[in-house]
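Here is the file run04.txt (compact mmCIF, C-alpha atoms).
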# COMPACT_ATOMS: atom_id res chain seq x y z
CA MET M 1 128.56 -41.13 105.40
CA HIS M 2 131.59 -40.18 103.35
CA ILE M 3 134.38 -42.49 104.49
CA GLY M 4 137.06 -41.54 101.99
CA ARG M 5 139.98 -39.23 102.70
CA SER M 6 137.84 -36.15 101.95
CA TYR M 7 135.48 -34.69 99.42
CA GLY M 8 137.19 -33.66 96.23
CA LEU M 9 137.45 -29.92 95.72
CA LEU M 10 135.80 -30.20 92.31
CA GLU M 11 132.79 -32.15 93.59
CA PHE M 12 132.42 -29.70 96.47
CA LEU M 13 132.48 -26.78 94.03
CA VAL M 14 129.89 -28.50 91.84
CA TRP M 15 127.70 -29.14 94.90
CA THR M 16 127.76 -25.46 95.90
CA ARG M 17 127.89 -23.94 92.42
CA ARG M 18 124.33 -22.62 92.33
CA ARG M 19 124.91 -20.37 95.31
CA ALA M 20 128.28 -19.33 93.88
CA TYR M 21 126.59 -18.29 90.62
CA LEU M 22 124.16 -16.08 92.54
CA LEU M 23 127.00 -14.48 94.52
CA LEU M 24 129.02 -13.89 91.36
CA ALA M 25 126.07 -12.25 89.60
CA ASN M 26 125.41 -10.02 92.61
CA ALA M 27 129.06 -8.94 92.84
CA GLY M 28 129.23 -8.25 89.10
CA LEU M 29 126.05 -6.17 89.24
CA VAL M 30 127.33 -4.07 92.16
CA ALA M 31 130.74 -3.54 90.54
CA GLY M 32 129.13 -2.60 87.22
CA LEU M 33 126.80 -0.06 88.79
CA TYR M 34 129.62 1.47 90.83
CA LEU M 35 132.34 1.58 88.15
CA LEU M 36 130.36 1.95 84.91
CA ALA M 37 127.17 3.72 85.93
CA GLY M 38 128.89 5.89 88.53
CA TRP M 39 126.52 4.93 91.35
CA HIS M 40 129.07 5.60 94.06
CA TRP M 41 126.33 6.09 96.63
CA LEU M 42 125.87 2.31 96.58
CA ALA M 43 129.08 1.77 98.54
CA LEU M 44 128.82 0.93 102.22
CA PRO M 45 131.42 1.83 104.84
CA TRP M 46 133.68 -1.15 105.37
CA PRO M 47 133.14 -1.25 109.19
CA VAL M 48 129.40 -1.87 108.63
CA VAL M 49 130.14 -4.87 106.42
CA ALA M 50 132.76 -6.12 108.88
CA ILE M 51 130.22 -6.01 111.73
CA LEU M 52 127.74 -7.98 109.64
CA GLY M 53 130.44 -10.52 108.81
CA THR M 54 131.32 -10.92 112.49
CA ALA M 55 127.68 -11.47 113.45
CA ALA M 56 127.22 -13.97 110.59
CA SER M 57 130.35 -15.88 111.58
CA PHE M 58 129.13 -16.24 115.18
CA ILE M 59 125.72 -17.54 114.22
CA VAL M 60 127.10 -19.87 111.53
CA GLY M 61 129.57 -21.27 114.04
CA PHE M 62 126.79 -21.77 116.60
CA LYS M 63 124.58 -23.56 114.08
CA ASN M 64 127.33 -25.84 112.82
CA ALA M 65 128.34 -26.74 116.38
CA GLN M 66 124.74 -27.72 117.14
CA THR M 67 124.24 -29.68 113.93
CA TYR M 68 127.53 -31.51 114.48
CA ALA M 69 126.35 -32.38 118.01
CA ARG M 70 123.17 -33.87 116.53
CA SER M 71 125.27 -36.00 114.19
CA VAL M 72 127.51 -37.17 117.02
CA GLU M 73 124.52 -38.09 119.15
CA ALA M 74 123.08 -40.09 116.25
CA GLN M 75 126.39 -41.96 115.95
CA GLN M 76 126.30 -42.67 119.69
CA VAL M 77 122.76 -44.02 119.43
CA TRP M 78 123.72 -46.48 116.71
CA SER M 79 126.93 -47.47 118.44
CA THR M 80 124.80 -48.36 121.47
CA ILE M 81 122.31 -50.26 119.31
CA THR M 82 125.19 -52.22 117.78
CA SER M 83 126.56 -53.14 121.20
CA LEU M 84 123.12 -54.10 122.52
CA SER M 85 122.44 -56.20 119.41
CA ARG M 86 125.56 -58.25 120.01
CA TYR M 87 124.53 -58.73 123.64
CA TRP M 88 121.00 -59.66 122.59
CA ALA M 89 122.33 -62.38 120.32
CA LEU M 90 124.48 -63.78 123.12
CA ILE M 91 121.72 -63.93 125.72
CA SER M 92 119.23 -65.25 123.16
CA ARG M 93 121.65 -68.08 122.48
CA ASP M 94 122.71 -68.82 126.07
CA PHE M 95 119.71 -67.98 128.31
CA PRO M 96 116.90 -70.28 127.03
CA VAL M 97 117.11 -73.83 128.31
CA HIS M 98 116.45 -75.15 124.82
CA ALA M 99 118.02 -73.52 121.79
CA GLY M 100 114.92 -73.62 119.59
CA ALA M 101 113.85 -70.07 120.42
CA THR M 102 117.21 -68.47 119.66
CA ARG M 103 116.78 -68.09 115.92
CA ASP M 104 113.33 -66.51 116.25
CA LEU M 105 114.57 -64.00 118.83
CA VAL M 106 117.57 -63.00 116.71
CA PHE M 107 115.72 -62.80 113.40
CA ARG M 108 112.89 -60.82 114.96
CA HIS M 109 115.52 -58.40 116.20
CA LEU M 110 116.99 -58.12 112.69
CA ALA M 111 113.48 -57.32 111.46
CA TRP M 112 113.23 -54.62 114.14
CA LEU M 113 116.51 -53.07 112.95
CA THR M 114 115.16 -53.06 109.40
CA VAL M 115 111.91 -51.36 110.39
CA VAL M 116 113.76 -48.75 112.44
CA ARG M 117 116.13 -47.79 109.63
CA TYR M 118 113.25 -47.52 107.16
CA GLN M 119 111.41 -45.32 109.61
CA LEU M 120 114.44 -43.07 110.06
CA ARG M 121 114.97 -42.75 106.29
CA ALA M 122 111.41 -41.49 105.70
CA PRO M 123 111.64 -37.94 104.29
CA ARG M 124 110.69 -34.83 106.25
CA LYS M 125 109.92 -31.49 104.66
CA TRP M 126 112.66 -29.66 106.60
CA GLU M 127 115.44 -32.01 105.48
CA ALA M 128 118.03 -30.97 102.92
CA ALA M 129 118.20 -34.31 101.08
CA GLY M 130 115.34 -33.28 98.81
CA ARG M 131 117.02 -30.10 97.62
CA THR M 132 118.42 -29.93 94.12
CA PRO M 133 122.20 -30.02 94.95
CA ASP M 134 121.77 -33.05 97.22
CA VAL M 135 119.46 -34.88 94.82
CA GLU M 136 121.92 -34.26 92.00
CA TYR M 137 124.90 -35.50 94.02
CA ARG M 138 123.01 -38.57 95.24
CA SER M 139 121.98 -39.55 91.71
CA LYS M 140 125.64 -39.61 90.67
CA ALA M 141 127.38 -40.97 93.76
CA PHE M 142 125.18 -43.46 95.63
CA ARG M 143 121.70 -44.83 96.19
CA VAL M 144 119.62 -45.10 99.35
CA ALA M 145 118.40 -48.68 99.79
CA GLU M 146 115.39 -47.60 101.86
CA HIS M 147 114.19 -45.44 98.96
CA THR M 148 114.47 -48.19 96.34
CA VAL M 149 113.68 -51.51 98.10
CA PRO M 150 110.15 -51.97 99.53
CA LEU M 151 109.96 -52.65 103.25
CA ASN M 152 108.10 -55.94 102.85
CA GLN M 153 110.88 -57.19 100.57
CA ALA M 154 113.53 -56.13 103.10
CA LEU M 155 111.69 -57.96 105.89
CA SER M 156 111.14 -61.19 103.97
CA PRO M 157 114.45 -62.85 104.99
CA TYR M 158 113.56 -62.54 108.68
CA LEU M 159 109.81 -63.10 109.03
CA PRO M 160 107.15 -65.27 107.35
CA ALA M 161 105.11 -63.51 104.67
CA ALA M 162 101.92 -63.58 106.75
CA GLU M 163 103.69 -62.00 109.70
CA VAL M 164 105.21 -59.32 107.47
CA GLU M 165 101.77 -58.46 106.10
CA ALA M 166 100.29 -58.22 109.60
CA LEU M 167 103.25 -56.17 110.78
CA LEU M 168 102.92 -53.62 107.98
CA ALA M 169 99.21 -53.32 108.70
CA ALA M 170 100.06 -52.28 112.26
CA GLY M 171 100.38 -48.59 112.94
CA ASN M 172 103.73 -48.94 114.69
CA PRO M 173 105.79 -51.81 113.22
CA ALA M 174 108.86 -51.19 115.41
CA GLY M 175 106.77 -51.13 118.59
CA THR M 176 104.84 -54.20 117.44
CA LEU M 177 108.07 -56.17 116.99
CA ILE M 178 109.30 -55.18 120.45
CA ALA M 179 105.93 -56.24 121.86
CA ARG M 180 106.25 -59.63 120.12
CA GLN M 181 109.75 -60.03 121.50
CA SER M 182 108.42 -59.32 124.99
CA GLU M 183 105.59 -61.79 124.48
CA ALA M 184 108.03 -64.45 123.27
CA ILE M 185 110.19 -63.92 126.34
CA ARG M 186 107.14 -64.17 128.60
CA GLN M 187 106.13 -67.44 126.97
CA LEU M 188 109.63 -68.82 127.49
CA TYR M 189 109.46 -67.78 131.13
CA THR M 190 106.02 -69.28 131.77
CA GLY M 191 107.15 -72.44 129.99
CA GLN M 192 110.15 -72.59 132.35
CA GLU M 193 112.57 -72.04 129.49
CA LEU M 194 114.01 -69.00 131.30
CA VAL M 195 114.95 -68.56 134.93
CA PRO M 196 113.64 -65.33 136.58
CA LEU M 197 117.02 -63.57 136.47
CA HIS M 198 117.45 -64.27 132.74
CA HIS M 199 113.89 -63.16 132.03
CA ALA M 200 114.51 -59.86 133.82
CA GLU M 201 117.77 -59.31 131.95
CA MET M 202 116.17 -59.87 128.56
CA GLN M 203 113.33 -57.49 129.40
CA LYS M 204 115.89 -54.92 130.52
CA THR M 205 117.70 -55.25 127.19
CA LEU M 206 114.42 -54.71 125.33
CA LYS M 207 113.92 -51.54 127.33
CA GLU M 208 117.35 -50.34 126.22
CA PHE M 209 116.36 -50.89 122.60
CA VAL M 210 113.18 -48.87 123.17
CA ASP M 211 115.19 -46.05 124.77
CA GLN M 212 117.70 -45.86 121.93
CA HIS M 213 114.92 -45.94 119.36
CA ALA M 214 113.27 -43.02 121.14
CA ARG M 215 116.54 -41.05 121.03
CA ALA M 216 116.84 -41.68 117.30
CA GLU M 217 113.21 -40.64 116.78
CA ARG M 218 113.82 -37.40 118.66
CA ILE M 219 116.71 -36.52 116.35
CA LYS M 220 114.64 -37.49 113.30
CA ASN M 221 111.38 -35.77 114.22
CA PHE M 222 112.64 -32.62 115.95
CA PRO M 223 114.87 -30.60 113.61
CA TYR M 224 117.32 -27.86 114.48
CA PRO M 225 115.02 -25.10 115.81
CA ARG M 226 113.46 -23.26 112.92
CA GLN M 227 113.88 -19.82 114.52
CA TYR M 228 117.65 -20.31 114.62
CA ALA M 229 117.68 -21.78 111.12
CA ILE M 230 115.92 -18.76 109.58
CA ILE M 231 118.00 -16.16 111.41
CA ASN M 232 121.15 -17.98 110.35
CA THR M 233 120.06 -17.88 106.70
CA VAL M 234 119.07 -14.21 106.93
CA PHE M 235 122.39 -13.17 108.53
CA VAL M 236 124.55 -15.15 106.10
CA TRP M 237 122.80 -13.98 102.95
CA THR M 238 122.54 -10.39 104.16
CA PHE M 239 126.29 -10.34 104.65
CA ALA M 240 126.97 -12.20 101.38
CA LEU M 241 124.84 -9.84 99.27
CA LEU M 242 126.08 -6.65 100.94
CA LEU M 243 129.75 -7.61 100.92
CA PRO M 244 130.43 -6.28 97.38
CA LEU M 245 129.05 -2.88 98.46
CA GLY M 246 131.83 -2.58 101.01
CA VAL M 247 134.59 -4.14 98.93
CA VAL M 248 134.20 -2.33 95.61
CA ARG M 249 135.07 1.10 96.96
CA GLU M 250 138.08 -0.26 98.84
CA PHE M 251 139.54 -1.75 95.66
CA ALA M 252 138.65 1.33 93.64
CA GLN M 253 140.45 3.57 96.12
CA VAL M 254 143.55 1.39 95.99
CA GLY M 255 143.46 1.58 92.20
CA ALA M 256 142.94 5.36 92.25
CA ALA M 257 146.03 5.81 94.38
CA ALA M 258 147.99 3.86 91.78
CA GLY M 259 146.47 5.78 88.89
CA TRP M 260 144.26 2.94 87.46
CA ARG M 261 141.00 3.02 89.32
CA GLU M 262 138.58 0.91 87.30
CA PRO M 263 140.71 -2.24 86.75
CA MET M 264 141.35 -2.52 90.49
CA GLY M 265 137.70 -1.93 91.27
CA TRP M 266 136.73 -4.98 89.24
CA LEU M 267 138.79 -7.13 91.60
CA ALA M 268 135.92 -6.70 94.03
CA VAL M 269 133.97 -9.26 91.98
CA PRO M 270 136.18 -12.35 92.48
CA PHE M 271 137.30 -11.50 96.01
CA SER M 272 133.85 -10.64 97.39
CA THR M 273 132.45 -13.75 95.69
CA LEU M 274 135.14 -15.92 97.27
CA VAL M 275 134.60 -14.56 100.79
CA ALA M 276 130.80 -14.73 100.53
CA TRP M 277 131.02 -18.27 99.11
CA MET M 278 132.97 -19.36 102.20
CA TYR M 279 130.06 -18.29 104.40
CA VAL M 280 127.24 -19.73 102.30
CA ALA M 281 129.16 -22.98 101.68
CA LEU M 282 129.65 -23.41 105.42
CA ASP M 283 125.94 -22.75 105.89
CA GLN M 284 125.13 -25.39 103.24
CA VAL M 285 127.39 -27.90 104.99
CA GLY M 286 125.54 -27.23 108.24
CA GLU M 287 122.19 -27.81 106.54
CA SER M 288 123.44 -31.12 105.14
CA THR M 289 124.71 -32.24 108.55
CA GLU M 290 121.63 -31.16 110.48
CA ASN M 291 119.56 -34.33 109.90
CA PRO M 292 121.78 -37.43 110.17
CA PHE M 293 119.14 -39.92 108.97
CA GLU M 294 117.83 -38.16 105.85
CA GLY M 295 119.67 -40.20 103.22
CA SER M 296 122.46 -37.79 102.32
CA ALA M 297 126.19 -38.33 101.94
CA ASN M 298 126.70 -36.96 105.46
CA ASP M 299 124.32 -39.38 107.19
CA VAL M 300 125.11 -41.85 109.91
CA PRO M 301 125.46 -45.05 107.81
CA ILE M 302 122.63 -46.97 109.45
CA THR M 303 122.11 -49.35 106.53
CA HIS M 304 125.80 -50.31 106.52
CA ILE M 305 125.69 -50.71 110.32
CA CYS M 306 122.63 -52.97 110.13
CA LEU M 307 124.27 -55.16 107.48
CA GLY M 308 127.30 -55.55 109.73
CA ILE M 309 125.11 -56.41 112.71
CA GLU M 310 123.23 -59.00 110.67
CA ARG M 311 126.43 -60.70 109.58
CA GLU M 312 127.76 -60.85 113.16
CA LEU M 313 124.51 -62.19 114.61
CA ARG M 314 123.98 -64.83 111.97
CA THR M 315 127.58 -65.94 112.32
CA LEU M 316 126.95 -66.26 116.07
CA LEU M 317 124.04 -68.55 115.23
CA GLY M 318 126.47 -70.81 113.38
CA GLU M 319 125.59 -69.85 109.81
CA GLN M 320 128.48 -70.19 107.40
CA GLY M 321 129.37 -68.67 104.05
CA LEU M 322 127.58 -65.39 104.63
CA PRO M 323 128.42 -62.76 101.99
CA GLU M 324 130.44 -59.76 102.99
CA PRO M 325 128.44 -56.52 103.12
CA ALA M 326 128.74 -54.66 99.84
CA GLY M 327 131.41 -52.00 99.92
CA PRO M 328 130.37 -48.36 99.71
CA ASP M 329 130.10 -46.67 96.34
CA ASN M 330 132.33 -43.65 95.81
CA HIS M 331 133.41 -43.70 99.47
CA ILE M 332 129.79 -43.26 100.61
CA ALA M 333 128.51 -45.73 103.23
CA LEU M 334 124.82 -45.56 104.03

Would you give me this structure, written as structure tokens?
Amino acid sequence: MHIGRSYGLLEFLVWTRRRAYLLLANAGLVAGLYLLAGWHWLALPWPVVAILGTAASFIVGFKNAQTYARSVEAQQVWSTITSLSRYWALISRDFPVHAGATRDLVFRHLAWLTVVRYQLRAPRKWEAAGRTPDVEYRSKAFRVAEHTVPLNQALSPYLPAAEVEALLAAGNPAGTLIARQSEAIRQLYTGQELVPLHHAEMQKTLKEFVDQHARAERIKNFPYPRQYAIINTVFVWTFALLLPLGVVREFAQVGAAAGWREPMGWLAVPFSTLVAWMYVALDQVGESTENPFEGSANDVPITHICLGIERELRTLLGEQGLPEPAGPDNHIAL
């Protein structure tokens, strides 16, 4: 997640430049055919283009509202997980009669957080993070820890090596860890280390973790509906490519009234490119916001959140001298 004041205009222009080049070439071609080749039949009535622009603006606004809602829900999920993690550490410390089980319960939870964030960072074919502009920006601005550090290495501070190996061999590591937490709680209860009320409360908290994980999985595995995504792209690009056909004659007519038709007609190139770029750039922003766990600069910063949770929980256990989480690079926190 970008946590600076804003994106710089230059880096935003660089990020969207490939689409801008295509729009500029299209506008130049239309203007050249109209003004130099005399293909005046290419021009479209301005009301037709205006109707297309209105339709495109509605559908782009709808898509961006929905993708922003997905991002907000993802933030809510991880805010809830953060709150529950703090509560889990407290009850793991205070509920057992003897404190020996506390560290295992907390560290197993930290392992669960690690597995969940690795699962959420796994690429999907519909995500935008693998597209050239996003790959290029990521290579210059930040790195995704889940893409560079193996999962077994990330789990090693929390679990023994044999347990990590067995966990990775399981088909569902996150579910396996929750099951082991539940089994540990049951053993504490049968060993009279937990009173019935405390046992029920810890099981209830585990259920909350399962529920929040399921919400995050739904956002990860069910993208913005593909039928809306394709119609949005079709509307935006139809308007963007047809816009010069409606603009070039308008500028040419203004120039003809002033006695210098062709120079004014060429103004259709920069102005139609600028307007069309506004639409396609907004569409590109929506695509980048659509999947908040894909590893882009617009993600929910789940890695940064997990590092903060780990520091809080280990401090609660009495550990001292823990390093501060590394600050984000280039105002990007992942």

Original post:
If we count all atoms listed in the file, what is near Arg218 of chain M at a cut-off of 12 Å, once residues fewer than 5 positions away on the same chain are taken out, given as a ChimeraX atom specification?
Top reply: /M:70,73-74,77,120,211-213,223-224,291-293

**OP:** Provide the atom CA of Trp46 of chain M to atom CA of Leu267 of chain M distance in Å, to one decimal place.
**Re:** 15.9 Å

Subject >> Pairwise distance for atom CA of Ala101 of chain M and atom CA of Leu113 of chain M, rounded to one decimal in Å >> reply: 18.8 Å

**OP:** Excluding segment 6-20 of chain M and residues on its chain fewer than 2 positions from it, collect all residues at most 10 Å away from it, counting only C-alpha atoms, and give them as a list in words.
**Re:** His2, Ile3, Gly4, Leu22, Leu23, Leu24, Ala25, Asn26, Thr132, Pro133, Asp134, Glu136, Tyr137, Thr273, Leu274, Ala276, Trp277, Met278, Val280, Ala281, Leu282, Gln284, Val285 and His331 of chain M

**OP:** Pull the neighbourhood of (137.0, -4.9, 94.7) for me: all residues within 8 Å in file coordinates, counting only C-alpha atoms, as number ranges by chain.
**Re:** M: 31, 244, 247-252, 264-272
